[in-house]
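Participant: What follows is run_2.txt; its format and atoms are compact mmCIF, C-alpha atoms and all ligand atoms.
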```txt
# COMPACT_ATOMS: atom_id res chain seq x y z
CA MET A 1 10.51 3.32 3.14
CA ASN A 2 12.49 5.21 4.98
CA CYS A 3 15.33 4.57 3.01
CA ARG A 4 18.97 4.62 2.42
CA LYS A 5 22.22 3.29 0.89
CA MET A 6 24.13 1.15 -1.56
CA LYS A 7 27.39 0.14 -3.14
CA PHE A 8 28.87 -3.22 -3.53
CA ALA A 9 26.67 -5.78 -2.13
CA GLY A 10 23.63 -5.22 -0.11
CA LEU A 11 23.70 -1.50 0.06
CA ALA A 12 21.85 -1.48 -3.22
CA VAL A 13 19.34 -3.96 -1.91
CA LEU A 14 18.87 -2.04 1.28
CA ALA A 15 18.14 1.10 -0.65
CA MET A 16 15.65 -0.80 -2.73
CA LEU A 17 13.84 -2.04 0.32
CA VAL A 18 13.82 1.40 1.81
CA PHE A 19 12.53 2.87 -1.40
CA ALA A 20 9.85 0.26 -1.66
CA SER A 21 8.75 1.01 1.87
CA ALA A 22 8.47 4.68 1.03
CA PHE A 23 5.79 3.68 -1.42
CA HIS A 24 4.24 1.47 1.14
CA ALA A 25 3.11 4.78 2.41
CA GLN A 26 0.47 4.38 4.94
CA GLN A 27 -1.05 1.46 6.53
CA THR A 28 -4.74 0.16 9.51
CA PRO A 29 -5.92 -2.32 12.33
CA GLY A 30 -6.30 -6.02 12.35
CA PRO A 31 -8.86 -8.70 12.70
CA GLY A 32 -10.89 -9.09 15.81
CA GLU A 33 -9.30 -7.25 18.65
CA LYS A 34 -8.81 -3.57 18.47
CA PRO A 35 -6.57 -1.66 20.83
CA THR A 36 -8.54 0.69 23.03
CA THR A 37 -6.25 3.47 21.89
CA ALA A 38 -7.18 3.06 18.21
CA MET A 39 -8.59 6.05 16.42
CA PRO A 40 -12.40 6.09 16.06
CA ASP A 41 -13.62 4.01 13.11
CA LEU A 42 -16.06 6.56 11.87
CA VAL A 43 -15.44 10.17 12.65
CA GLN A 44 -18.55 12.27 12.26
CA VAL A 45 -18.17 15.42 10.22
CA PRO A 46 -17.98 17.86 13.12
CA ALA A 47 -20.36 20.84 13.25
CA ALA A 48 -17.59 23.30 12.48
CA ALA A 49 -16.72 21.32 9.33
CA GLN A 50 -20.30 21.26 8.01
CA PRO A 51 -20.84 23.48 4.98
CA SER A 52 -22.12 26.86 6.00
CA ALA A 53 -21.81 30.55 5.17
CA HIS A 54 -19.28 31.00 7.95
CA PHE A 55 -17.19 27.88 7.19
CA ASP A 56 -13.63 28.40 8.42
CA ALA A 57 -10.83 25.99 7.51
CA ASP A 58 -8.89 26.57 10.74
CA ALA A 59 -11.94 26.02 12.94
CA ALA A 60 -12.93 22.93 10.93
CA THR A 61 -9.41 21.51 11.37
CA GLU A 62 -9.50 22.09 15.12
CA ALA A 63 -12.94 20.47 15.31
CA TYR A 64 -11.63 17.34 13.57
CA LEU A 65 -8.59 17.17 15.84
CA ALA A 66 -10.81 17.59 18.89
CA GLN A 67 -12.55 14.31 18.04
CA ILE A 68 -9.40 12.31 18.68
CA PRO A 69 -9.50 10.75 22.15
CA ALA A 70 -6.67 11.95 24.37
CA SER A 71 -5.52 8.37 25.04
CA ALA A 72 -5.22 7.65 21.32
CA ARG A 73 -3.29 10.82 20.71
CA SER A 74 -0.81 10.34 23.54
CA ARG A 75 -0.12 6.77 22.48
CA SER A 76 0.42 7.79 18.87
CA ASP A 77 2.75 10.61 19.97
CA ALA A 78 4.75 8.23 22.15
CA TYR A 79 5.04 5.67 19.35
CA PHE A 80 6.13 8.19 16.75
CA GLU A 81 8.49 10.16 18.98
CA GLY A 82 10.10 6.89 20.09
CA GLY A 83 10.81 6.41 16.40
CA TYR A 84 13.01 9.54 16.43
CA TRP A 85 15.31 7.89 18.95
CA LEU A 86 15.24 4.64 17.04
CA ILE A 87 16.76 6.43 14.04
CA LEU A 88 19.70 7.30 16.29
CA TRP A 89 19.93 3.89 18.01
CA ASP A 90 19.68 2.05 14.69
CA PHE A 91 22.48 4.17 13.35
CA LEU A 92 24.78 3.78 16.36
CA TYR A 93 24.02 0.10 16.77
CA GLY A 94 24.66 -0.56 13.07
CA VAL A 95 27.92 1.36 13.09
CA ALA A 96 29.04 -0.56 16.20
CA ILE A 97 28.33 -3.89 14.48
CA TYR A 98 30.20 -2.99 11.29
CA PHE A 99 33.10 -1.62 13.30
CA MET A 100 33.33 -4.78 15.41
CA VAL A 101 33.27 -7.01 12.35
CA LEU A 102 36.21 -5.05 10.92
CA HIS A 103 38.14 -4.38 14.13
CA PHE A 104 38.18 -7.95 15.42
CA GLY A 105 39.24 -9.29 12.04
CA TRP A 106 35.99 -11.22 11.54
CA SER A 107 35.54 -9.72 8.10
CA ALA A 108 39.01 -10.86 7.01
CA GLY A 109 38.28 -14.27 8.57
CA MET A 110 35.05 -14.64 6.58
CA ARG A 111 36.92 -13.72 3.40
CA ASN A 112 39.67 -16.25 4.15
CA PHE A 113 37.04 -18.90 4.72
CA ALA A 114 35.41 -18.12 1.35
CA GLU A 115 38.82 -18.30 -0.35
CA ARG A 116 39.52 -21.71 1.17
CA ILE A 117 36.26 -23.08 -0.18
CA THR A 118 36.65 -22.02 -3.81
CA ARG A 119 39.09 -20.28 -6.15
CA PHE A 120 36.25 -18.94 -8.26
CA LYS A 121 36.03 -15.20 -7.42
CA PRO A 122 32.28 -14.61 -7.90
CA LEU A 123 31.55 -17.62 -5.72
CA GLN A 124 33.90 -16.27 -3.04
CA THR A 125 31.89 -13.04 -3.11
CA LEU A 126 28.63 -14.96 -2.73
CA ILE A 127 29.99 -16.98 0.20
CA TYR A 128 31.32 -13.87 1.91
CA TRP A 129 27.98 -12.12 1.42
CA THR A 130 26.14 -15.05 2.98
CA GLU A 131 28.46 -15.07 6.00
CA PHE A 132 28.25 -11.30 6.38
CA LEU A 133 24.46 -11.24 6.21
CA ILE A 134 24.08 -14.05 8.76
CA VAL A 135 26.60 -12.54 11.20
CA THR A 136 25.13 -9.02 11.03
CA THR A 137 21.58 -10.39 11.28
CA ILE A 138 22.47 -12.28 14.47
CA LEU A 139 24.31 -9.31 15.97
CA GLY A 140 21.46 -6.99 14.98
CA ALA A 141 18.74 -9.30 16.28
CA PRO A 142 18.23 -7.78 19.77
CA LEU A 143 17.38 -4.34 18.42
CA GLY A 144 15.66 -5.76 15.33
CA ILE A 145 13.33 -7.98 17.38
CA TYR A 146 12.51 -5.21 19.84
CA GLU A 147 11.81 -2.72 17.09
CA GLY A 148 10.06 -4.97 14.60
CA PHE A 149 8.12 -7.21 16.98
CA PHE A 150 7.82 -6.21 20.65
CA ARG A 151 7.45 -2.51 20.10
CA GLU A 152 4.80 -2.97 17.38
CA ARG A 153 2.83 -5.27 19.70
CA GLN A 154 3.24 -2.93 22.64
CA TYR A 155 1.52 -0.19 20.64
CA GLY A 156 -1.22 -2.47 19.32
CA LEU A 157 -0.02 -2.19 15.73
CA ALA A 158 1.09 -5.79 15.20
CA THR A 159 -1.24 -8.72 14.53
CA GLN A 160 1.35 -11.51 14.38
CA THR A 161 2.68 -13.80 17.06
CA PHE A 162 6.42 -14.38 17.21
CA GLY A 163 6.53 -17.51 15.03
CA PRO A 164 4.88 -16.04 11.92
CA TRP A 165 6.82 -12.81 12.41
CA LEU A 166 10.09 -14.71 12.51
CA SER A 167 9.19 -16.68 9.42
CA ASP A 168 8.55 -13.39 7.56
CA GLN A 169 12.00 -12.21 8.66
CA LEU A 170 13.55 -15.41 7.32
CA ILE A 171 11.89 -14.86 3.94
CA ILE A 172 13.31 -11.32 3.87
CA LEU A 173 16.73 -12.71 4.80
CA VAL A 174 16.62 -15.21 1.92
CA VAL A 175 15.57 -12.46 -0.52
CA ASN A 176 18.52 -10.39 0.72
CA LEU A 177 20.84 -13.37 0.32
CA ILE A 178 19.83 -13.92 -3.28
CA LEU A 179 19.42 -10.34 -4.51
CA GLY A 180 22.34 -8.97 -2.46
CA GLY A 181 24.44 -11.94 -3.59
CA VAL A 182 23.81 -11.20 -7.27
CA VAL A 183 24.37 -7.45 -6.83
CA SER A 184 27.61 -7.96 -4.89
CA MET A 185 29.01 -10.49 -7.40
CA VAL A 186 28.39 -8.06 -10.27
CA LEU A 187 29.69 -5.01 -8.37
CA PHE A 188 32.91 -6.68 -7.24
CA GLY A 189 33.41 -7.90 -10.81
CA VAL A 190 33.16 -4.27 -11.95
CA VAL A 191 35.47 -2.97 -9.21
CA ARG A 192 38.17 -5.54 -9.98
CA ARG A 193 38.11 -4.96 -13.72
CA LEU A 194 37.85 -1.17 -13.63
CA PRO A 195 40.04 -0.07 -10.73
CA ARG A 196 40.00 3.60 -11.80
CA THR A 197 36.42 4.21 -12.90
CA TRP A 198 34.68 1.56 -10.79
CA TRP A 199 32.56 4.10 -8.93
CA ILE A 200 30.91 5.41 -12.11
CA TRP A 201 30.20 1.93 -13.48
CA GLY A 202 29.25 0.67 -10.04
CA ALA A 203 26.68 3.44 -9.74
CA GLY A 204 25.34 2.53 -13.19
CA VAL A 205 25.01 -1.14 -12.25
CA SER A 206 23.29 -0.22 -8.97
CA ILE A 207 20.81 2.04 -10.76
CA PHE A 208 20.04 -0.81 -13.15
CA PHE A 209 19.40 -3.26 -10.30
CA PHE A 210 17.40 -0.68 -8.40
CA THR A 211 15.07 -0.07 -11.35
CA PHE A 212 14.85 -3.80 -12.00
CA PHE A 213 13.86 -4.39 -8.38
CA ILE A 214 11.11 -1.75 -8.49
CA MET A 215 9.78 -3.45 -11.60
CA ILE A 216 9.76 -7.05 -10.35
CA ALA A 217 8.91 -6.43 -6.69
CA PRO A 218 5.10 -6.22 -7.00
CA VAL A 219 5.00 -9.48 -8.97
CA TYR A 220 7.81 -11.58 -7.46
CA ILE A 221 8.86 -10.12 -4.08
CA PHE A 222 5.90 -8.62 -2.22
CA PRO A 223 3.73 -11.74 -2.78
CA LEU A 224 6.29 -13.73 -0.77
CA LEU A 225 5.02 -12.00 2.37
CA ASN A 226 1.40 -11.22 1.54
CA LYS A 227 -1.43 -12.38 -0.66
CA TYR A 228 -2.34 -10.01 -3.47
CA THR A 229 -5.73 -10.55 -5.05
CA VAL A 230 -7.80 -8.69 -7.59
CA LEU A 231 -10.50 -6.82 -5.76
CA ASP A 232 -13.85 -7.94 -7.16
CA ASP A 233 -16.53 -6.26 -5.07
CA PRO A 234 -18.22 -3.93 -7.61
CA LYS A 235 -19.54 -1.75 -4.78
CA ILE A 236 -15.93 -0.82 -4.07
CA THR A 237 -14.31 -1.21 -7.48
CA GLN A 238 -16.89 0.68 -9.59
CA PRO A 239 -16.30 4.09 -7.97
CA ILE A 240 -12.53 3.48 -7.98
CA LEU A 241 -12.40 2.45 -11.64
CA SER A 242 -14.66 5.35 -12.53
CA LEU A 243 -12.28 7.70 -10.73
CA ALA A 244 -9.40 6.07 -12.61
CA ARG A 245 -11.07 6.51 -16.01
CA ALA A 246 -11.90 10.12 -15.21
CA ASN A 247 -8.18 10.68 -14.53
CA GLY A 248 -6.94 8.93 -17.67
CA ILE A 249 -5.60 5.89 -15.84
CA PRO A 250 -5.95 2.73 -17.96
CA ALA A 251 -6.63 0.51 -14.95
CA GLN A 252 -8.88 -2.52 -15.35
CA LYS A 253 -8.12 -3.92 -11.94
CA VAL A 254 -7.57 -2.81 -8.39
CA TYR A 255 -5.53 -5.06 -6.13
CA GLN A 256 -6.08 -5.92 -2.50
CA VAL A 257 -3.39 -7.06 -0.07
CA ASP A 258 -3.93 -8.90 3.22
CA ALA A 259 -1.81 -6.48 5.25
CA SER A 260 -3.84 -7.42 8.35
CA ARG A 261 -1.65 -10.53 8.44
CA GLN A 262 1.08 -8.35 9.94
CA THR A 263 -0.36 -5.05 11.01
CA THR A 264 -3.38 -3.00 11.98
CA ARG A 265 -2.19 -0.07 9.88
CA MET A 266 -4.35 1.24 7.09
CA SER A 267 -2.68 1.84 3.77
CA ALA A 268 -2.70 1.82 0.04
CA ASN A 269 0.13 2.17 -2.41
CA VAL A 270 1.25 2.49 -5.97
CA SER A 271 4.06 0.10 -6.80
CA GLY A 272 5.97 -1.16 -9.80
CA PHE A 273 7.28 0.43 -12.93
CA GLY A 274 6.07 0.18 -16.52
CA HIS A 275 3.81 -2.83 -16.99
CA THR A 276 3.99 -3.80 -13.34
CA MET A 277 2.72 -0.45 -12.03
CA ARG A 278 -0.44 -0.98 -10.02
CA ILE A 279 -2.62 0.48 -7.28
CA THR A 280 -3.19 -1.69 -4.21
CA LEU A 281 -5.47 -1.16 -1.20
CA ASN A 282 -4.84 -2.98 2.01
CA ASP A 283 -7.61 -4.92 3.69
CA ASN A 284 -7.47 -2.74 6.82
CA LEU A 285 -8.47 0.24 4.71
CA LEU A 286 -11.24 -1.76 3.04
CA ARG A 287 -12.62 -2.93 6.36
CA ARG A 288 -12.42 0.24 8.39
CA GLY A 289 -12.52 2.99 5.80
CA SER A 290 -15.78 4.72 4.91
CA PRO A 291 -16.59 4.87 1.16
CA GLU A 292 -15.63 8.57 1.18
CA GLU A 293 -12.35 7.75 2.88
CA ILE A 294 -11.49 5.02 0.37
CA GLN A 295 -12.22 7.42 -2.48
CA ALA A 296 -9.97 10.06 -0.90
CA VAL A 297 -7.11 7.58 -0.43
CA MET A 298 -7.50 6.25 -3.98
CA GLY A 299 -7.42 9.81 -5.32
CA HIS A 300 -4.10 10.25 -3.51
CA GLU A 301 -2.67 7.02 -4.95
CA MET A 302 -3.86 7.99 -8.42
CA GLY A 303 -1.97 11.23 -7.91
CA HIS A 304 1.24 9.22 -7.52
CA TYR A 305 0.39 7.45 -10.75
CA VAL A 306 -0.63 10.44 -12.88
CA LEU A 307 2.23 12.61 -11.59
CA HIS A 308 4.73 9.84 -12.51
CA HIS A 309 6.15 9.71 -9.02
CA ILE A 310 7.79 6.31 -9.43
CA PRO A 311 9.74 7.10 -12.63
CA LYS A 312 10.66 10.50 -11.16
CA ASP A 313 11.81 8.86 -7.95
CA ILE A 314 13.93 6.40 -9.89
CA LEU A 315 15.66 9.42 -11.41
CA TYR A 316 15.98 11.08 -8.02
CA TYR A 317 17.44 7.99 -6.35
CA SER A 318 19.78 7.52 -9.30
CA VAL A 319 21.35 10.85 -8.44
CA VAL A 320 21.56 9.78 -4.78
CA ILE A 321 23.27 6.54 -5.84
CA VAL A 322 25.85 8.44 -7.91
CA ILE A 323 26.54 10.77 -4.96
CA PHE A 324 26.95 7.76 -2.68
CA PHE A 325 29.44 6.11 -5.02
CA ALA A 326 31.41 9.35 -5.35
CA PHE A 327 31.47 9.56 -1.55
CA LEU A 328 32.65 5.95 -1.36
CA ARG A 329 35.42 6.51 -3.88
CA TRP A 330 36.70 9.38 -1.76
CA SER A 331 36.17 7.91 1.71
CA LEU A 332 37.06 4.25 1.11
CA GLU A 333 40.56 5.03 -0.10
CA GLY A 334 41.24 7.24 2.92
CA CYS A 335 39.92 4.69 5.41
CA LEU A 336 41.80 1.81 3.84
CA ALA A 337 45.06 3.78 3.72
CA ARG A 338 44.73 4.39 7.43
CA TRP A 339 43.19 1.16 8.80
CA GLY A 340 43.27 -1.32 5.91
CA ALA A 341 46.32 -3.18 7.23
CA ARG A 342 44.94 -3.46 10.75
CA TRP A 343 41.62 -4.81 9.44
CA GLN A 344 43.43 -7.02 6.89
CA VAL A 345 41.36 -5.55 4.08
CA ARG A 346 43.48 -5.63 0.93
CA GLY A 347 41.68 -2.98 -1.09
CA ILE A 348 38.35 -1.95 -2.55
CA GLY A 349 38.22 -5.11 -4.68
CA ASP A 350 38.39 -7.27 -1.54
CA THR A 351 35.01 -8.50 -0.29
CA ALA A 352 36.20 -7.96 3.29
CA VAL A 353 35.61 -4.24 2.63
CA ILE A 354 31.82 -4.73 2.72
CA PRO A 355 31.32 -3.82 6.42
CA LEU A 356 33.21 -0.58 5.79
CA VAL A 357 30.93 0.18 2.85
CA PHE A 358 27.91 -0.36 5.10
CA LEU A 359 29.45 1.74 7.84
CA LEU A 360 30.03 4.64 5.46
CA GLY A 361 26.57 4.12 3.98
CA SER A 362 24.99 4.31 7.46
CA LEU A 363 26.84 7.55 8.09
CA LEU A 364 25.64 9.14 4.87
CA GLY A 365 22.13 7.75 5.34
CA PHE A 366 21.89 9.13 8.86
CA VAL A 367 22.91 12.64 7.81
CA TYR A 368 20.64 12.38 4.80
CA THR A 369 17.51 11.41 6.82
CA PRO A 370 15.81 14.85 6.92
CA PHE A 371 16.49 15.49 3.25
CA LEU A 372 15.13 12.12 2.24
CA ASN A 373 12.05 12.63 4.42
CA THR A 374 11.53 16.04 2.90
CA HIS A 375 11.80 14.67 -0.62
CA VAL A 376 9.24 11.94 0.12
CA ARG A 377 6.96 14.29 2.06
CA THR A 378 6.96 16.76 -0.82
CA THR A 379 5.79 14.15 -3.33
CA GLU A 380 3.20 12.91 -0.81
CA HIS A 381 1.88 16.44 -0.51
CA GLU A 382 1.61 16.63 -4.31
CA ALA A 383 -0.39 13.41 -4.27
CA ASP A 384 -2.61 14.87 -1.51
CA MET A 385 -3.41 17.93 -3.60
CA TYR A 386 -4.11 15.77 -6.64
CA GLY A 387 -6.23 13.40 -4.58
CA LEU A 388 -8.42 16.15 -3.13
CA ASN A 389 -9.14 17.52 -6.59
CA ALA A 390 -9.74 14.08 -8.07
CA SER A 391 -11.88 12.56 -5.31
CA ARG A 392 -13.59 15.74 -3.98
CA GLN A 393 -13.79 14.04 -0.61
CA PRO A 394 -12.24 16.44 1.91
CA ASP A 395 -14.07 14.82 4.82
CA GLY A 396 -13.02 11.34 3.71
CA PHE A 397 -9.52 12.72 3.48
CA ALA A 398 -9.70 14.10 7.04
CA GLN A 399 -10.98 10.73 8.26
CA ALA A 400 -8.04 8.99 6.59
CA ALA A 401 -5.60 11.45 8.16
CA ILE A 402 -7.03 10.58 11.58
CA HIS A 403 -6.76 6.83 10.93
CA LEU A 404 -3.14 7.23 9.84
CA GLY A 405 -2.63 9.16 13.08
CA GLU A 406 -2.64 5.80 14.86
CA TYR A 407 1.05 5.53 14.02
CA ARG A 408 2.01 9.03 12.98
CA LYS A 409 2.01 12.02 15.34
CA MET A 410 -0.91 14.28 14.43
CA ASN A 411 0.35 17.68 15.43
CA PRO A 412 4.16 18.15 15.35
CA GLY A 413 6.09 21.40 15.29
CA PRO A 414 7.29 22.62 11.87
CA VAL A 415 10.97 21.73 12.42
CA GLU A 416 9.98 18.32 13.78
CA GLU A 417 7.86 17.73 10.69
CA TRP A 418 10.69 18.81 8.41
CA ILE A 419 13.19 16.43 9.98
CA PHE A 420 11.13 13.35 10.78
CA PHE A 421 7.99 13.19 8.64
CA ASP A 422 7.92 11.29 5.35
CA HIS A 423 4.27 12.27 4.91
CA PRO A 424 2.58 15.54 5.82
CA SER A 425 1.39 15.45 9.43
CA GLY A 426 -2.24 14.61 10.11
CA ARG A 427 -2.96 18.16 11.16
CA ASN A 428 -1.58 19.61 7.94
CA ARG A 429 -3.45 17.05 5.87
CA ILE A 430 -6.76 17.86 7.58
CA HIS A 431 -6.06 21.55 7.12
CA ASP A 432 -5.31 21.02 3.41
CA ALA A 433 -8.62 19.17 3.10
CA MET A 434 -10.60 21.83 4.95
CA ARG A 435 -9.00 24.62 2.90
CA TRP A 436 -10.04 22.72 -0.23
CA LYS A 437 -13.54 22.38 1.17
CA ALA A 438 -13.70 26.08 1.99
CA GLU A 439 -12.91 26.91 -1.64
CA ASN A 440 -15.42 24.38 -2.97
CA LEU A 441 -18.30 24.85 -0.58
CA GLN A 442 -20.89 25.01 -3.39
CA LEU A 443 -20.34 21.27 -4.02
CA PHE A 444 -21.50 20.52 -0.52
CA THR A 445 -24.22 23.09 -0.04
CA GLN A 446 -25.95 21.88 -3.25
CA LYS A 447 -25.76 18.34 -1.97
CA ALA A 448 -27.28 19.43 1.29
CA ASP A 449 -30.19 21.15 -0.52
CA HIS A 450 -31.40 17.98 -2.21
ZN ZN B 501 1.35 8.45 -1.00
```
Can the structure from this file be put into structure tokens for me?
Ligand SMILES: [Zn+2]
Facilitator:
Amino acid sequence: MNCRKMKFAGLAVLAMLVFASAFHAQQTPGPGEKPTTAMPDLVQVPAAAQPSAHFDADAATEAYLAQIPASARSRSDAYFEGGYWLILWDFLYGVAIYFMVLHFGWSAGMRNFAERITRFKPLQTLIYWTEFLIVTTILGAPLGIYEGFFRERQYGLATQTFGPWLSDQLIILVVNLILGGVVSMVLFGVVRRLPRTWWIWGAGVSIFFFTFFIMIAPVYIFPLLNKYTVLDDPKITQPILSLARANGIPAQKVYQVDASRQTTRMSANVSGFGHTMRITLNDNLLRRGSPEEIQAVMGHEMGHYVLHHIPKDILYYSVVIVIFFAFLRWSLEGCLARWGARWQVRGIGDTAVIPLVFLLGSLLGFVYTPFLNTHVRTTEHEADMYGLNASRQPDGFAQAAIHLGEYRKMNPGPVEEWIFFDHPSGRNRIHDAMRWKAENLQLFTQKADH
């Protein structure tokens, strides 16, 4: 996910969605048509990457990269680099919307409307939240539709027509209405009852909801958009379950998701927490991935599992949530002292403050982007190292890195990677794999002898 923000209302939910998408890691291409700029389905192990006495990791990496058609690479670069600008436009556009909603008194108007309908405070919060979500969704639609629909189609990554895409967005909106509604009712209850220490308790409540969301999402949320089934082809599951047993993972089942409904991206992920933790492959990976590639990707996902990345990330994001609430406590009071009267926002216990919370959250989230990416990229690199050792499939791993290069720039500069990449770049991943191969050449030379 990409990821970022929380406080009263939907900030918590947004952060959850972002967090979830971080674990959605990587994704591949759809049914039937394939864009001409797609990466090759099966990359041959290039001569320079074949085991030999003079095997060189750098040369092997270059040989893999050289197999990528120039058209595929330039399209992937354009798609990914466009994403850098979208981070900025999303931020500016969002801030403009929240500012407008405050400045023109719409937020106060929505609150007044909620107060006319009921005297029951939690219900007022729910009504305000519904109004706020609908208004910001409509105002955000032009950029949202371009980014989520037209741009994905333009780059051959989307498989949906507009109708099904829109219906997915409506499902997400309803989930946000319900979850964000519950979170905002509880948070405003806390703020009103604990006017001094609200930020500490608010952070606690948000961390609780965040963890709860991670736990229920694989069972109750994700299936709203996609079909999750138990994978039952023994040809595929036997090697995966064997790999799981060898790594002490008590998995009986591997799940498959029909990601090709929305996208051509290849991916797999580990999701959930406690009893709901599970490993899922998407159907694009199953269809286009070689057996070696699937093993390499599963080794990576098992790394997330064995290294406890989800519980550790819950701890990490808990700290982020506390920092955000501390920032809110400091910044909200200052903003309201200065502009509260003009915006007709009565205080931090007034639901009309929500757009300001989102505005401040966007600000913090924007500044935080490179640090968040670096946190996620670091854990992804850990999973890569684990996956190479577990699967012993460096060439499958290189193939996967090339497939993921359909939507992620293969060869960025180091600063660019630090700021923008939430996974190691394709080049670095291939190099990691070839370095591993160089240190384990005996595994491959013996194989070649038989
Ligand atoms: Zn991962």
Participant: Using all atoms listed in the file, which of the listed residues (A:Trp418, A:Phe150, A:Trp129, A:Tyr155) sits closest to Gly180 of chain A?
Facilitator: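 Smallest distance to Gly180 of chain A is found for A:Trp129.
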Participant: Show which residues sit within 8 Å of segment 404-412 of chain A, as a list in words. Count only C-alpha atoms, and ignore same-chain residues fewer than 4 positions away.
Facilitator: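 Neighbouring residues, sequence-local ones excluded: Gln26, Gln27, Thr28, Ala38, Met39, Ala72, Arg73, Ser76, Asp77, Tyr79, Phe80, Glu81, Leu157, Arg265, Met266, Ala400, Glu416, Glu417, Ser425, Gly426, Arg427 and Asn428 of chain A.
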Participant: As a PyMOL selection string, please: the residues near Val101 of chain A (cut-off 12 Å, only C-alpha atoms, same-chain neighbours under 2 positions excluded).
Facilitator: chain A and resi 94-99+103-111+131-133+135-136+139+343-345+352-356+358-359
Participant: Got a sec: who's within 8 Å of segment 140-144 of chain A, counting only C-alpha atoms, leaving out chain neighbours fewer than 2 positions off, as a list in words?
Facilitator: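 Skipping anything fewer than 2 positions along the chain leaves Asp90, Tyr93, Gly94, Ile97, Thr136, Thr137, Ile138, Tyr146, Glu147, Gly148 and Phe149 of chain A.
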Participant: Which of these, A:Glu439, A:Asp350, A:Asp168, A:Glu333, has the shortest distance to Thr125 of chain A once you count only C-alpha atoms?
Facilitator: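 Among the listed residues, A:Asp350 lies closest to Thr125 of chain A.
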Participant: Any residue with an atom at most 10 Å from ligand ZN 501 (chain B) counts, using all atoms listed in the file. Which are they? Put them as a tab-separated table (two decimals) with C-alpha atoms, in the frame of the given file.
Facilitator:
```
chain	number	residue	atom	x	y	z
A	22	ALA	CA	8.47	4.68	1.03
A	23	PHE	CA	5.79	3.68	-1.42
A	24	HIS	CA	4.24	1.47	1.14
A	25	ALA	CA	3.11	4.78	2.41
A	26	GLN	CA	0.47	4.38	4.94
A	267	SER	CA	-2.68	1.84	3.77
A	268	ALA	CA	-2.70	1.82	0.04
A	269	ASN	CA	0.13	2.17	-2.41
A	270	VAL	CA	1.25	2.49	-5.97
A	297	VAL	CA	-7.11	7.58	-0.43
A	298	MET	CA	-7.50	6.25	-3.98
A	299	GLY	CA	-7.42	9.81	-5.32
A	300	HIS	CA	-4.10	10.25	-3.51
A	301	GLU	CA	-2.67	7.02	-4.95
A	302	MET	CA	-3.86	7.99	-8.42
A	303	GLY	CA	-1.97	11.23	-7.91
A	304	HIS	CA	1.24	9.22	-7.52
A	305	TYR	CA	0.39	7.45	-10.75
A	309	HIS	CA	6.15	9.71	-9.02
A	376	VAL	CA	9.24	11.94	0.12
A	377	ARG	CA	6.96	14.29	2.06
A	379	THR	CA	5.79	14.15	-3.33
A	380	GLU	CA	3.20	12.91	-0.81
A	381	HIS	CA	1.88	16.44	-0.51
A	382	GLU	CA	1.61	16.63	-4.31
A	383	ALA	CA	-0.39	13.41	-4.27
A	384	ASP	CA	-2.61	14.87	-1.51
A	387	GLY	CA	-6.23	13.40	-4.58
A	422	ASP	CA	7.92	11.29	5.35
A	423	HIS	CA	4.27	12.27	4.91
A	424	PRO	CA	2.58	15.54	5.82
```
Participant: Find the nearest atom pair between each residue of segment 178-284 of chain A and segment 320-332 of chain A for residues within 12 Å, count only C-alpha atoms, give distances in Å to one decimal, sort rows by chain and ascending number, and present the table as CSV.
Facilitator:
```
residue,atom,partner,partner_atom,distance
A:Leu187,CA,A:Phe325,CA,11.6
A:Val191,CA,A:Arg329,CA,10.9
A:Pro195,CA,A:Arg329,CA,10.6
A:Arg196,CA,A:Arg329,CA,9.6
A:Thr197,CA,A:Arg329,CA,9.4
A:Trp198,CA,A:Arg329,CA,8.5
A:Trp199,CA,A:Phe325,CA,5.4
A:Ile200,CA,A:Val322,CA,7.2
A:Trp201,CA,A:Phe325,CA,9.5
A:Gly202,CA,A:Phe325,CA,7.4
A:Ala203,CA,A:Val322,CA,5.4
A:Gly204,CA,A:Val322,CA,7.9
A:Val205,CA,A:Ile321,CA,10.2
A:Ser206,CA,A:Ile321,CA,7.4
A:Ile207,CA,A:Ile321,CA,7.1
A:Phe208,CA,A:Ile321,CA,10.9
A:Phe209,CA,A:Ile321,CA,11.4
A:Phe210,CA,A:Ile321,CA,9.7
A:Thr211,CA,A:Ile321,CA,11.9
```
Participant: Any idea what's packed within 10 Å of segment 252-264 of chain A, counting only C-alpha atoms, ignoring anything in its chain fewer than 6 positions away? Could you give it as an NGL selection string?
Facilitator: :A and (27-31 or 33-35 or 38 or 152-153 or 156-161 or 164-165 or 168 or 222-223 or 225-232 or 236-237 or 240-241 or 244-245 or 278-286 or 406-407)
Participant: List every protein, DNA or RNA residue that has an atom no more than 7 Å from (4.9, -1.6, -9.6) in the file's coordinate frame, counting all atoms listed in the file, and report them as a PyMOL selection string.
Facilitator: chain A and resi 214-215+217-218+270-273+276-278
Participant: Could you check the closest approach to Asn112 of chain A for each of A:Leu336, A:Leu88, A:Met100, A:Ile127 and tell me which residue wins, using only C-alpha atoms?
Facilitator: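 Looking at the shortest contact to Asn112 of chain A, the residue is A:Ile127.
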Participant: Would you compute the distance between atom CA of Ser362 of chain A and atom CA of His308 of chain A? Give it in Å to one decimal.
Facilitator: 29.0 Å
Participant: To one decimal place, how far is atom CA of Val183 of chain A from atom CA of Leu126 of chain A in Å?
Facilitator: 9.6 Å
Participant: Given only C-alpha atoms as the basis, pick out the residue of A:Pro291, A:Gly82, A:Gly340, A:Gly274 nearest to Gln238 of chain A.
Facilitator: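 Smallest distance to Gln238 of chain A is found for A:Pro291.
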